[in-house]
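Engineer: One structure, pasted below without further comment.
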Protein chains: 2
Amino acid sequence: MRISARADYAVRASLELAVRENGEPVKAEALSAAQDIPHKFLEGILSDLRRGGIVVSRRGGNGGYLLARAADAITVADVVRAVEGPIVSVRGERPSVLTYSGPAQPLLPVWVALRANVRKILEGVTLDDIARDRLPDPVRELADDPAAWRNP
Amino acid sequence: MRISARADYAVRASLELAVRENGEPVKAEALSAAQDIPHKFLEGILSDLRRGGIVVSRRGGNGGYLLARAADAITVADVVRAVEGPIVSVRGERPSVLTYSGPAQPLLPVWVALRANVRKILEGVTLDDIARDRLPDPVRELADDPAAWRNP
DNA sequence: GTATTTCATACCTTTCCCATAGGGAAGGTG
DNA sequence: CACCTTCCCTATGGGAAAGGTATGAAATAC
């Protein structure tokens with residue numbers, strides 16, 4: 001289960017937009033420099049975010065990108081979905097279309113529960129939460145547990 | 001965030017072993033047929049499981065595979081790790097080695113909380129739980145919520 | 001010895017990931 | 001209008017991973 005570079009970059013660029021929110025568009029080059037993301041690669045990601053309704057763009061003179069809505073109305077899940085599609089998939093399919101036989105039948109609700117737990121995190125955290133370092137309590141509690149940081 | 005075919009197949013094959021546990025080894029061909037998994041592909045997966053200490057094998061005559069420990073002592077996380085490596089990674093790295101700057105700094109605890117929540121599911125369910133259709137309460141509660149089954 | 005089954009290696013095809021390059025389209029400025 | 005800036009689109013490429021196949025060697029049961 002991996003978070004791709006695209007998704008990670010997308011969230012970080014969106015956070016940079018959230019923190020600079022003042023009506024003025026921010027250039028891709030500025031985002032790229034601030035978060036150390038390859039410039040041309042980031043442009044493609046921003047295109048996905050625009051098509052996904054996360055950001056809006058303005059061309060020309062002092063163009064750039066802006067969040068399409070307030071930062072507290074955009075969740076991490078929204079951003080990840082815009083660039084990666086479905087949050088959790090099994091063998092490329094959404095869990096709900098899978099069919100299992102024999103002793104594997106109860107495996108389906110396990111995948112569904114897994115997806116629900118992932119969503120609880122990613123849909124529960126907004127860009128504003130992160131940009132202002134005010135993570136929701138459930139997330140904070142999980143992250144404060146030292147066991148969550150151990151390696152294997 | 002995807003569960004690969006390898007991981008899905010690995011869990012299903014292990015479940016098939018769990019349910020046939022009677023001291024007699026089960027052939028790869030039988031597992032392959034029971035769960036509709038390409039035979040040769042499954043052999044490679046079973047090699048990973050053996051190297052990961054999940055199953056033991058016997059060659060020849062009436063050889064085959066057996067679980068290396070009792071089914072209630074093997075979690076889904078154990079099986080997935082044996083074939084996929086770390087459960088959750090960001091850009092190919094474990095979350096704990098990442099460093100973020102500026103407004104993205106609190107993104108790290110978000111990824112860590114995500115991983116913790118994934119582990120809570122996958123480390124909390126054993127092969128025996130699934131094979132006997134006795135999922136732990138936390139998992140059952142998540143899966144019983146109809147919202148967990150909705151598509152997007 | 002022979003049949004059976006795992007084990008190791010290599011190979012193949014397709015797709016995704018990460019990234020770069022070039023030019024066109026749209027908007028501002030003088 | 002000419003000119004500059006910036007986004008926008010398409011193409012390209014190397015490399016890895018995913019998914020699957022083939023072949024033969026090694027071990028074990030009978």
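Naming scheme: A, B, ... for chains in displayed order of the structure tokens; residues 1 onward per chain; ligands 1 onward as shown.
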Please provide chain A as a short mmCIF file (atom, residue, chain, number, x, y, z; two decimals) with N, CA and C atoms, in the first residue's frame, once it has been superposed on chain B by least squares across all sequentially paired Cα atoms.
Structural biologist:
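This went into superposed_35.cif:
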data_model
loop_
_atom_site.label_atom_id
_atom_site.label_comp_id
_atom_site.auth_asym_id
_atom_site.auth_seq_id
_atom_site.Cartn_x
_atom_site.Cartn_y
_atom_site.Cartn_z
N MET A 1 -3.62 3.88 -3.19
CA MET A 1 -3.31 2.83 -2.22
C MET A 1 -3.93 1.53 -2.68
N ARG A 2 -3.12 0.66 -3.21
CA ARG A 2 -3.68 -0.57 -3.75
C ARG A 2 -3.10 -1.80 -3.06
N ILE A 3 -4.00 -2.78 -2.95
CA ILE A 3 -3.59 -4.12 -2.55
C ILE A 3 -3.33 -4.89 -3.84
N SER A 4 -2.12 -5.38 -4.02
CA SER A 4 -1.78 -6.04 -5.28
C SER A 4 -2.42 -7.42 -5.37
N ALA A 5 -2.41 -7.95 -6.59
CA ALA A 5 -2.93 -9.30 -6.78
C ALA A 5 -2.10 -10.30 -5.95
N ARG A 6 -0.80 -10.09 -5.89
CA ARG A 6 0.05 -10.98 -5.09
C ARG A 6 -0.45 -11.07 -3.65
N ALA A 7 -0.73 -9.91 -3.05
CA ALA A 7 -1.16 -9.90 -1.65
C ALA A 7 -2.52 -10.56 -1.50
N ASP A 8 -3.43 -10.22 -2.39
CA ASP A 8 -4.76 -10.81 -2.33
C ASP A 8 -4.67 -12.33 -2.49
N TYR A 9 -3.94 -12.79 -3.48
CA TYR A 9 -3.76 -14.22 -3.70
C TYR A 9 -3.09 -14.88 -2.49
N ALA A 10 -2.11 -14.22 -1.92
CA ALA A 10 -1.38 -14.80 -0.79
C ALA A 10 -2.31 -15.04 0.39
N VAL A 11 -3.16 -14.07 0.66
CA VAL A 11 -4.09 -14.23 1.78
C VAL A 11 -5.08 -15.35 1.48
N ARG A 12 -5.58 -15.39 0.25
CA ARG A 12 -6.58 -16.40 -0.08
C ARG A 12 -5.99 -17.81 -0.03
N ALA A 13 -4.77 -17.96 -0.51
CA ALA A 13 -4.13 -19.28 -0.45
C ALA A 13 -3.89 -19.68 1.00
N SER A 14 -3.48 -18.73 1.82
CA SER A 14 -3.24 -19.02 3.24
C SER A 14 -4.54 -19.42 3.93
N LEU A 15 -5.63 -18.78 3.54
CA LEU A 15 -6.92 -19.13 4.13
C LEU A 15 -7.31 -20.56 3.76
N GLU A 16 -7.01 -20.90 2.53
CA GLU A 16 -7.32 -22.27 2.09
C GLU A 16 -6.50 -23.28 2.89
N LEU A 17 -5.27 -22.90 3.19
CA LEU A 17 -4.46 -23.77 4.05
C LEU A 17 -5.03 -23.84 5.46
N ALA A 18 -5.49 -22.70 5.97
CA ALA A 18 -6.01 -22.66 7.33
C ALA A 18 -7.20 -23.58 7.49
N VAL A 19 -8.05 -23.64 6.48
CA VAL A 19 -9.28 -24.39 6.59
C VAL A 19 -9.05 -25.89 6.36
N ARG A 20 -7.91 -26.22 5.77
CA ARG A 20 -7.62 -27.64 5.52
C ARG A 20 -6.58 -28.16 6.49
N GLU A 21 -6.39 -27.43 7.55
CA GLU A 21 -5.32 -27.78 8.49
C GLU A 21 -5.63 -29.11 9.19
N ASN A 22 -4.91 -30.15 8.80
CA ASN A 22 -5.08 -31.43 9.47
C ASN A 22 -3.78 -32.25 9.43
N GLY A 23 -2.65 -31.54 9.34
CA GLY A 23 -1.38 -32.25 9.33
C GLY A 23 -0.92 -32.70 7.96
N GLU A 24 -1.86 -32.80 7.04
CA GLU A 24 -1.51 -33.22 5.69
C GLU A 24 -1.17 -32.00 4.83
N PRO A 25 -0.05 -32.03 4.14
CA PRO A 25 0.27 -30.89 3.27
C PRO A 25 -0.71 -30.79 2.10
N VAL A 26 -0.93 -29.56 1.65
CA VAL A 26 -1.82 -29.29 0.53
C VAL A 26 -0.99 -28.86 -0.67
N LYS A 27 -1.26 -29.42 -1.81
CA LYS A 27 -0.48 -29.11 -3.01
C LYS A 27 -0.83 -27.73 -3.57
N ALA A 28 0.18 -27.12 -4.17
CA ALA A 28 -0.03 -25.82 -4.81
C ALA A 28 -1.15 -25.91 -5.83
N GLU A 29 -1.18 -26.99 -6.57
CA GLU A 29 -2.22 -27.16 -7.59
C GLU A 29 -3.62 -27.11 -7.00
N ALA A 30 -3.77 -27.72 -5.82
CA ALA A 30 -5.09 -27.73 -5.16
C ALA A 30 -5.48 -26.32 -4.72
N LEU A 31 -4.51 -25.58 -4.18
CA LEU A 31 -4.78 -24.20 -3.76
C LEU A 31 -5.15 -23.36 -4.97
N SER A 32 -4.39 -23.56 -6.03
CA SER A 32 -4.61 -22.82 -7.26
C SER A 32 -6.02 -23.06 -7.80
N ALA A 33 -6.45 -24.31 -7.78
CA ALA A 33 -7.79 -24.63 -8.29
C ALA A 33 -8.87 -24.10 -7.36
N ALA A 34 -8.67 -24.23 -6.07
CA ALA A 34 -9.71 -23.85 -5.12
C ALA A 34 -9.99 -22.35 -5.17
N GLN A 35 -8.93 -21.54 -5.39
CA GLN A 35 -9.12 -20.09 -5.34
C GLN A 35 -8.97 -19.45 -6.72
N ASP A 36 -8.84 -20.28 -7.75
CA ASP A 36 -8.75 -19.76 -9.11
C ASP A 36 -7.60 -18.77 -9.25
N ILE A 37 -6.42 -19.26 -8.91
CA ILE A 37 -5.20 -18.46 -9.01
C ILE A 37 -4.28 -19.17 -10.01
N PRO A 38 -3.67 -18.43 -10.95
CA PRO A 38 -2.77 -19.07 -11.92
C PRO A 38 -1.70 -19.88 -11.19
N HIS A 39 -1.56 -21.14 -11.62
CA HIS A 39 -0.76 -22.08 -10.87
C HIS A 39 0.70 -21.65 -10.69
N LYS A 40 1.36 -21.30 -11.78
CA LYS A 40 2.77 -20.96 -11.70
C LYS A 40 3.00 -19.66 -10.94
N PHE A 41 2.06 -18.76 -11.09
CA PHE A 41 2.14 -17.49 -10.37
C PHE A 41 2.04 -17.74 -8.87
N LEU A 42 1.14 -18.63 -8.51
CA LEU A 42 0.96 -18.95 -7.11
C LEU A 42 2.22 -19.59 -6.52
N GLU A 43 2.92 -20.40 -7.33
CA GLU A 43 4.14 -21.03 -6.82
C GLU A 43 5.14 -19.99 -6.35
N GLY A 44 5.27 -18.91 -7.13
CA GLY A 44 6.17 -17.84 -6.72
C GLY A 44 5.74 -17.18 -5.43
N ILE A 45 4.45 -17.00 -5.29
CA ILE A 45 3.92 -16.39 -4.07
C ILE A 45 4.18 -17.29 -2.87
N LEU A 46 3.98 -18.60 -3.06
CA LEU A 46 4.22 -19.54 -1.96
C LEU A 46 5.70 -19.54 -1.56
N SER A 47 6.58 -19.31 -2.52
CA SER A 47 8.01 -19.20 -2.20
C SER A 47 8.24 -18.02 -1.26
N ASP A 48 7.61 -16.89 -1.57
CA ASP A 48 7.72 -15.72 -0.69
C ASP A 48 7.19 -16.05 0.70
N LEU A 49 6.07 -16.72 0.74
CA LEU A 49 5.46 -17.05 2.04
C LEU A 49 6.37 -18.00 2.83
N ARG A 50 7.03 -18.89 2.12
CA ARG A 50 7.95 -19.79 2.81
C ARG A 50 9.14 -19.00 3.35
N ARG A 51 9.73 -18.17 2.52
CA ARG A 51 10.86 -17.35 2.97
C ARG A 51 10.46 -16.41 4.10
N GLY A 52 9.20 -16.02 4.11
CA GLY A 52 8.71 -15.13 5.16
C GLY A 52 8.26 -15.86 6.42
N GLY A 53 8.39 -17.17 6.39
CA GLY A 53 8.05 -17.92 7.60
C GLY A 53 6.56 -18.10 7.83
N ILE A 54 5.77 -17.90 6.79
CA ILE A 54 4.32 -18.08 6.94
C ILE A 54 3.92 -19.53 6.71
N VAL A 55 4.53 -20.15 5.73
CA VAL A 55 4.22 -21.55 5.44
C VAL A 55 5.51 -22.38 5.46
N VAL A 56 5.35 -23.67 5.57
CA VAL A 56 6.46 -24.61 5.36
C VAL A 56 6.04 -25.54 4.24
N SER A 57 7.05 -26.11 3.57
CA SER A 57 6.76 -26.93 2.41
C SER A 57 7.37 -28.32 2.56
N ARG A 58 6.80 -29.24 1.86
CA ARG A 58 7.38 -30.58 1.78
C ARG A 58 7.36 -31.00 0.32
N ARG A 59 8.49 -31.53 -0.14
CA ARG A 59 8.55 -31.94 -1.54
C ARG A 59 8.18 -33.42 -1.70
N GLY A 60 8.11 -33.78 -2.95
CA GLY A 60 7.97 -35.20 -3.29
C GLY A 60 6.57 -35.75 -3.11
N GLY A 61 6.54 -37.08 -3.22
CA GLY A 61 5.32 -37.89 -3.17
C GLY A 61 4.08 -37.14 -2.75
N ASN A 62 3.73 -37.17 -1.51
CA ASN A 62 2.58 -36.38 -1.10
C ASN A 62 3.04 -35.13 -0.34
N GLY A 63 3.76 -34.32 -1.09
CA GLY A 63 4.23 -33.05 -0.52
C GLY A 63 3.15 -32.01 -0.59
N GLY A 64 3.58 -30.75 -0.41
CA GLY A 64 2.65 -29.64 -0.44
C GLY A 64 3.04 -28.60 0.58
N TYR A 65 2.06 -27.80 0.98
CA TYR A 65 2.32 -26.68 1.90
C TYR A 65 1.47 -26.79 3.15
N LEU A 66 2.02 -26.30 4.25
CA LEU A 66 1.32 -26.20 5.53
C LEU A 66 1.60 -24.84 6.13
N LEU A 67 0.69 -24.36 6.94
CA LEU A 67 0.97 -23.14 7.69
C LEU A 67 2.11 -23.42 8.67
N ALA A 68 2.97 -22.43 8.85
CA ALA A 68 4.12 -22.62 9.73
C ALA A 68 3.73 -22.51 11.21
N ARG A 69 2.62 -21.82 11.49
CA ARG A 69 2.11 -21.76 12.85
C ARG A 69 0.59 -21.88 12.80
N ALA A 70 -0.01 -21.87 13.98
CA ALA A 70 -1.46 -21.99 14.03
C ALA A 70 -2.10 -20.80 13.32
N ALA A 71 -3.25 -21.03 12.75
CA ALA A 71 -3.93 -20.00 11.96
C ALA A 71 -4.33 -18.80 12.81
N ASP A 72 -4.49 -19.01 14.11
CA ASP A 72 -4.85 -17.86 14.95
C ASP A 72 -3.62 -17.08 15.40
N ALA A 73 -2.45 -17.49 14.91
CA ALA A 73 -1.22 -16.76 15.23
C ALA A 73 -0.61 -16.12 13.99
N ILE A 74 -1.38 -16.06 12.92
CA ILE A 74 -0.93 -15.41 11.67
C ILE A 74 -1.93 -14.34 11.31
N THR A 75 -1.47 -13.10 11.24
CA THR A 75 -2.37 -12.01 10.87
C THR A 75 -2.29 -11.73 9.38
N VAL A 76 -3.29 -11.03 8.90
CA VAL A 76 -3.29 -10.62 7.49
C VAL A 76 -2.05 -9.77 7.21
N ALA A 77 -1.68 -8.94 8.19
CA ALA A 77 -0.49 -8.11 8.00
C ALA A 77 0.76 -8.98 7.78
N ASP A 78 0.88 -10.06 8.51
CA ASP A 78 2.03 -10.95 8.33
C ASP A 78 2.12 -11.44 6.90
N VAL A 79 0.97 -11.86 6.37
CA VAL A 79 0.95 -12.41 5.02
C VAL A 79 1.27 -11.34 3.99
N VAL A 80 0.66 -10.17 4.15
CA VAL A 80 0.89 -9.10 3.19
C VAL A 80 2.35 -8.66 3.22
N ARG A 81 2.92 -8.54 4.39
CA ARG A 81 4.33 -8.14 4.50
C ARG A 81 5.25 -9.13 3.81
N ALA A 82 4.89 -10.41 3.90
CA ALA A 82 5.77 -11.44 3.32
C ALA A 82 5.88 -11.30 1.80
N VAL A 83 4.82 -10.80 1.18
CA VAL A 83 4.86 -10.72 -0.28
C VAL A 83 5.01 -9.31 -0.82
N GLU A 84 4.71 -8.31 0.01
CA GLU A 84 4.73 -6.92 -0.48
C GLU A 84 5.71 -6.03 0.24
N GLY A 85 6.34 -6.53 1.29
CA GLY A 85 7.20 -5.65 2.09
C GLY A 85 6.37 -4.76 2.98
N PRO A 86 6.88 -3.58 3.31
CA PRO A 86 6.20 -2.69 4.24
C PRO A 86 4.74 -2.45 3.87
N ILE A 87 3.89 -2.40 4.88
CA ILE A 87 2.45 -2.27 4.65
C ILE A 87 2.11 -0.94 4.00
N VAL A 88 2.68 0.13 4.51
CA VAL A 88 2.39 1.46 3.97
C VAL A 88 3.71 2.17 3.70
N SER A 89 3.84 2.70 2.49
CA SER A 89 5.02 3.49 2.18
C SER A 89 4.60 4.74 1.42
N VAL A 90 5.39 5.80 1.57
CA VAL A 90 5.15 7.05 0.87
C VAL A 90 6.34 7.29 -0.05
N ARG A 91 6.04 7.33 -1.36
CA ARG A 91 7.12 7.50 -2.34
C ARG A 91 8.19 6.43 -2.17
N GLY A 92 7.76 5.21 -1.79
CA GLY A 92 8.69 4.09 -1.67
C GLY A 92 9.47 4.05 -0.38
N GLU A 93 9.25 5.04 0.49
CA GLU A 93 9.97 5.08 1.77
C GLU A 93 8.99 4.89 2.92
N ARG A 94 9.50 4.38 4.01
CA ARG A 94 8.68 4.34 5.22
C ARG A 94 8.46 5.78 5.69
N PRO A 95 7.26 6.07 6.17
CA PRO A 95 6.96 7.45 6.59
C PRO A 95 8.00 8.02 7.54
N SER A 96 8.54 7.20 8.40
CA SER A 96 9.40 7.73 9.46
C SER A 96 10.71 8.33 8.94
N VAL A 97 11.08 8.07 7.69
CA VAL A 97 12.32 8.64 7.19
C VAL A 97 12.09 9.91 6.38
N LEU A 98 10.84 10.30 6.21
CA LEU A 98 10.56 11.48 5.40
C LEU A 98 10.79 12.75 6.19
N THR A 99 11.13 13.81 5.48
CA THR A 99 11.23 15.12 6.12
C THR A 99 10.49 16.13 5.26
N TYR A 100 9.66 16.91 5.91
CA TYR A 100 8.86 17.91 5.21
C TYR A 100 9.21 19.28 5.72
N SER A 101 9.01 20.26 4.85
CA SER A 101 9.38 21.62 5.23
C SER A 101 8.18 22.54 5.12
N GLY A 102 8.25 23.64 5.84
CA GLY A 102 7.21 24.66 5.77
C GLY A 102 5.87 24.11 6.21
N PRO A 103 4.82 24.52 5.50
CA PRO A 103 3.46 24.15 5.92
C PRO A 103 3.20 22.65 5.81
N ALA A 104 4.11 21.91 5.18
CA ALA A 104 3.90 20.48 5.01
C ALA A 104 4.40 19.67 6.19
N GLN A 105 5.02 20.35 7.16
CA GLN A 105 5.58 19.60 8.28
C GLN A 105 4.57 18.70 8.99
N PRO A 106 3.38 19.20 9.30
CA PRO A 106 2.43 18.33 10.00
C PRO A 106 1.83 17.24 9.10
N LEU A 107 2.29 17.15 7.86
CA LEU A 107 1.79 16.08 7.01
C LEU A 107 2.35 14.73 7.46
N LEU A 108 3.54 14.77 8.03
CA LEU A 108 4.16 13.52 8.46
C LEU A 108 3.32 12.77 9.48
N PRO A 109 2.87 13.43 10.57
CA PRO A 109 2.01 12.69 11.50
C PRO A 109 0.71 12.20 10.86
N VAL A 110 0.27 12.86 9.80
CA VAL A 110 -0.93 12.36 9.12
C VAL A 110 -0.65 11.01 8.48
N TRP A 111 0.48 10.91 7.77
CA TRP A 111 0.83 9.62 7.16
C TRP A 111 1.05 8.54 8.23
N VAL A 112 1.64 8.97 9.32
CA VAL A 112 1.88 7.99 10.39
C VAL A 112 0.56 7.50 10.98
N ALA A 113 -0.37 8.42 11.17
CA ALA A 113 -1.68 8.02 11.69
C ALA A 113 -2.40 7.11 10.70
N LEU A 114 -2.23 7.41 9.43
CA LEU A 114 -2.84 6.56 8.40
C LEU A 114 -2.29 5.15 8.50
N ARG A 115 -0.98 5.07 8.58
CA ARG A 115 -0.37 3.74 8.69
C ARG A 115 -0.84 3.01 9.95
N ALA A 116 -0.94 3.73 11.05
CA ALA A 116 -1.38 3.11 12.30
C ALA A 116 -2.79 2.56 12.15
N ASN A 117 -3.63 3.30 11.45
CA ASN A 117 -5.01 2.84 11.28
C ASN A 117 -5.10 1.63 10.36
N VAL A 118 -4.22 1.60 9.37
CA VAL A 118 -4.18 0.42 8.49
C VAL A 118 -3.71 -0.79 9.29
N ARG A 119 -2.67 -0.57 10.07
CA ARG A 119 -2.16 -1.68 10.88
C ARG A 119 -3.20 -2.19 11.86
N LYS A 120 -3.98 -1.27 12.42
CA LYS A 120 -4.99 -1.70 13.39
C LYS A 120 -5.93 -2.74 12.78
N ILE A 121 -6.21 -2.58 11.51
CA ILE A 121 -7.06 -3.58 10.85
C ILE A 121 -6.25 -4.84 10.53
N LEU A 122 -5.17 -4.66 9.78
CA LEU A 122 -4.49 -5.83 9.22
C LEU A 122 -3.77 -6.66 10.28
N GLU A 123 -3.34 -6.00 11.37
CA GLU A 123 -2.70 -6.76 12.43
C GLU A 123 -3.71 -7.29 13.44
N GLY A 124 -4.96 -6.87 13.29
CA GLY A 124 -5.97 -7.28 14.25
C GLY A 124 -6.82 -8.44 13.76
N VAL A 125 -6.58 -8.87 12.54
CA VAL A 125 -7.36 -9.96 11.98
C VAL A 125 -6.44 -11.14 11.66
N THR A 126 -6.77 -12.30 12.18
CA THR A 126 -5.96 -13.50 11.90
C THR A 126 -6.63 -14.33 10.81
N LEU A 127 -5.86 -15.25 10.28
CA LEU A 127 -6.42 -16.17 9.28
C LEU A 127 -7.56 -16.98 9.87
N ASP A 128 -7.40 -17.34 11.13
CA ASP A 128 -8.46 -18.10 11.80
C ASP A 128 -9.76 -17.29 11.89
N ASP A 129 -9.63 -16.00 12.21
CA ASP A 129 -10.80 -15.13 12.27
C ASP A 129 -11.60 -15.19 10.97
N ILE A 130 -10.88 -15.12 9.86
CA ILE A 130 -11.56 -15.08 8.56
C ILE A 130 -12.10 -16.47 8.19
N ALA A 131 -11.26 -17.47 8.37
CA ALA A 131 -11.65 -18.82 7.95
C ALA A 131 -12.90 -19.28 8.71
N ARG A 132 -13.04 -18.86 9.97
CA ARG A 132 -14.22 -19.27 10.75
C ARG A 132 -15.29 -18.20 10.75
N ASP A 133 -15.07 -17.15 9.96
CA ASP A 133 -16.05 -16.06 9.87
C ASP A 133 -16.37 -15.48 11.25
N ARG A 134 -15.33 -15.25 12.01
CA ARG A 134 -15.50 -14.62 13.32
C ARG A 134 -14.61 -13.38 13.36
N LEU A 135 -15.00 -12.38 12.62
CA LEU A 135 -14.18 -11.17 12.56
C LEU A 135 -14.25 -10.44 13.90
N PRO A 136 -13.15 -9.82 14.31
CA PRO A 136 -13.13 -9.03 15.55
C PRO A 136 -14.16 -7.92 15.49
N ASP A 137 -14.66 -7.54 16.65
CA ASP A 137 -15.72 -6.54 16.71
C ASP A 137 -15.37 -5.23 16.00
N PRO A 138 -14.17 -4.68 16.22
CA PRO A 138 -13.87 -3.40 15.56
C PRO A 138 -13.98 -3.50 14.04
N VAL A 139 -13.55 -4.62 13.48
CA VAL A 139 -13.63 -4.80 12.04
C VAL A 139 -15.08 -4.97 11.61
N ARG A 140 -15.79 -5.78 12.33
CA ARG A 140 -17.20 -6.00 12.01
C ARG A 140 -17.99 -4.70 12.04
N GLU A 141 -17.72 -3.89 13.06
CA GLU A 141 -18.45 -2.63 13.16
C GLU A 141 -18.21 -1.73 11.95
N LEU A 142 -16.94 -1.67 11.53
CA LEU A 142 -16.63 -0.85 10.36
C LEU A 142 -17.33 -1.40 9.12
N ALA A 143 -17.29 -2.71 8.96
CA ALA A 143 -17.84 -3.32 7.75
C ALA A 143 -19.36 -3.32 7.76
N ASP A 144 -19.96 -3.22 8.93
CA ASP A 144 -21.42 -3.23 9.00
C ASP A 144 -22.03 -1.88 8.65
N ASP A 145 -21.20 -0.86 8.65
CA ASP A 145 -21.70 0.46 8.28
C ASP A 145 -21.92 0.53 6.77
N PRO A 146 -23.17 0.73 6.36
CA PRO A 146 -23.45 0.78 4.91
C PRO A 146 -22.61 1.83 4.19
N ALA A 147 -22.25 2.90 4.89
CA ALA A 147 -21.46 3.95 4.25
C ALA A 147 -20.10 3.42 3.81
N ALA A 148 -19.61 2.39 4.47
CA ALA A 148 -18.31 1.82 4.10
C ALA A 148 -18.36 1.13 2.75
N TRP A 149 -19.54 0.82 2.29
CA TRP A 149 -19.68 0.08 1.02
C TRP A 149 -20.01 1.00 -0.15
N ARG A 150 -20.26 2.25 0.10
CA ARG A 150 -20.58 3.15 -1.01
C ARG A 150 -19.33 3.38 -1.85
N ASN A 151 -19.57 3.66 -3.12
CA ASN A 151 -18.46 3.59 -4.05
C ASN A 151 -17.37 4.65 -3.99
N PRO A 152 -17.66 5.95 -4.19
CA PRO A 152 -16.52 6.86 -4.26
C PRO A 152 -15.97 6.95 -2.89
#
Engineer: Mind running chain C against chain A at 9 Å and telling me each contacting residue's nearest atom pair with the distance in Å (one decimal), counting only C-alpha atoms (C1' of nucleotides), chain and number ascending, as a Markdown table?
Structural biologist:
| residue | atom | partner | partner_atom | distance |
| --- | --- | --- | --- | --- |
| C:DC17 | C1' | A:Ser4 | CA | 8.2 |
| C:DC18 | C1' | A:Phe41 | CA | 7.9 |
| C:DA19 | C1' | A:Phe41 | CA | 6.2 |
| C:DT20 | C1' | A:Lys40 | CA | 7.2 |
| C:DA26 | C1' | A:Arg59 | CA | 6.1 |
| C:DG27 | C1' | A:Gly60 | CA | 4.3 |
| C:DG28 | C1' | A:Gly61 | CA | 4.6 |
| C:DT29 | C1' | A:Gly61 | CA | 8.1 |
Engineer: Got a sec to pull out which chain D residues are within 12 Å of chain B, counting only C-alpha atoms (C1' of nucleotides), and send them as an NGL selection string?
Structural biologist: :D and (16-22 or 26-30)
Engineer: May I have the residues from that selection written out with C-alpha atoms (C1' of nucleotides), as a CSV table (one decimal), in the first residue's frame?
Structural biologist:
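The result, written out as result22.csv:
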chain,number,residue,atom,x,y,z
D,16,DA,C1',10.7,-0.4,-12.4
D,17,DA,C1',6.9,-3.2,-11.0
D,18,DA,C1',2.9,-6.1,-11.9
D,19,DG,C1',1.1,-10.2,-13.7
D,20,DG,C1',2.1,-14.3,-15.7
D,21,DT,C1',4.8,-18.3,-18.2
D,22,DA,C1',8.4,-21.8,-19.2
D,26,DA,C1',16.4,-31.1,-6.6
D,27,DA,C1',14.1,-33.6,-3.1
D,28,DT,C1',10.9,-37.1,-1.5
D,29,DA,C1',7.5,-41.2,-1.5
D,30,DC,C1',6.6,-45.5,-3.3
Engineer: So which residues touch DA25 of chain D within 12 Å, counting only C-alpha atoms (C1' of nucleotides), skipping near sequence neighbours fewer than 5 positions away, as a PyMOL selection string?
Structural biologist: chain C and resi 6-9
Engineer: Go ahead and save the residues from that selection, with N, CA and C atoms (P, O5', C5', C4', C3', O3' and C1' of nucleotides), as an mmCIF file, in the first residue's frame.
Structural biologist:
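Contents of the output file again.cif:
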data_model
loop_
_atom_site.group_PDB
_atom_site.id
_atom_site.type_symbol
_atom_site.label_atom_id
_atom_site.label_comp_id
_atom_site.auth_asym_id
_atom_site.auth_seq_id
_atom_site.Cartn_x
_atom_site.Cartn_y
_atom_site.Cartn_z
ATOM 1 P P DT C 6 3.647 -28.756 -4.756
ATOM 2 O "O5'" DT C 6 5.055 -28.192 -4.258
ATOM 3 C "C5'" DT C 6 5.545 -28.571 -2.978
ATOM 4 C "C4'" DT C 6 7.073 -28.458 -2.959
ATOM 5 C "C3'" DT C 6 7.604 -27.027 -2.944
ATOM 6 O "O3'" DT C 6 8.643 -26.943 -1.985
ATOM 7 C "C1'" DT C 6 8.565 -28.215 -4.741
ATOM 8 P P DC C 7 9.350 -25.508 -1.643
ATOM 9 O "O5'" DC C 7 10.460 -25.357 -2.784
ATOM 10 C "C5'" DC C 7 11.702 -26.024 -2.653
ATOM 11 C "C4'" DC C 7 12.661 -25.531 -3.722
ATOM 12 C "C3'" DC C 7 12.829 -24.019 -3.776
ATOM 13 O "O3'" DC C 7 14.219 -23.718 -3.636
ATOM 14 C "C1'" DC C 7 12.410 -24.908 -5.943
ATOM 15 P P DA C 8 14.710 -22.223 -3.353
ATOM 16 O "O5'" DA C 8 15.426 -21.796 -4.706
ATOM 17 C "C5'" DA C 8 16.279 -22.724 -5.364
ATOM 18 C "C4'" DA C 8 16.521 -22.266 -6.787
ATOM 19 C "C3'" DA C 8 16.647 -20.749 -6.962
ATOM 20 O "O3'" DA C 8 17.944 -20.474 -7.458
ATOM 21 C "C1'" DA C 8 15.199 -21.700 -8.596
ATOM 22 P P DT C 9 18.473 -18.976 -7.683
ATOM 23 O "O5'" DT C 9 18.269 -18.751 -9.243
ATOM 24 C "C5'" DT C 9 18.544 -19.823 -10.144
ATOM 25 C "C4'" DT C 9 17.991 -19.486 -11.522
ATOM 26 C "C3'" DT C 9 18.014 -17.999 -11.871
ATOM 27 O "O3'" DT C 9 18.996 -17.791 -12.882
ATOM 28 C "C1'" DT C 9 15.975 -19.046 -12.527
#
Engineer: Between atom C1' of DA2 of chain D and atom C1' of DG23 of chain C, what is the spacing in Å?
Structural biologist: 19.3 Å
Engineer: Pull the strand (DSSP E) assignments for chain A out of DSSP run on the backbone, and list those residues as a list in words.
Structural biologist: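 Filtering chain A down to strand (DSSP E) leaves Arg2, Ile3, Val55, Val56, Ser57, Arg58, Gly64, Tyr65, Leu66, Leu67, Ser89 and Val90 of chain A.
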Engineer: Segment 4-144 of chain B: which residues are alpha helix (DSSP H) by DSSP, as a PyMOL selection string?
Structural biologist: chain B and resi 5-19+28-35+39-51+76-84+107-122+127-131+137-144
Engineer: Rounded to one decimal place, report the atom C1' of DT23 of chain D-atom C1' of DT2 of chain C distance in Å.
Structural biologist: 20.0 Å
Engineer: Between atom C1' of DT10 of chain D and atom C1' of DC12 of chain C, what is the distance in Å, rounded to a tenth?
Structural biologist: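 Spanning atom C1' of DT10 of chain D to atom C1' of DC12 of chain C is a straight-line distance of 29.6 Å.
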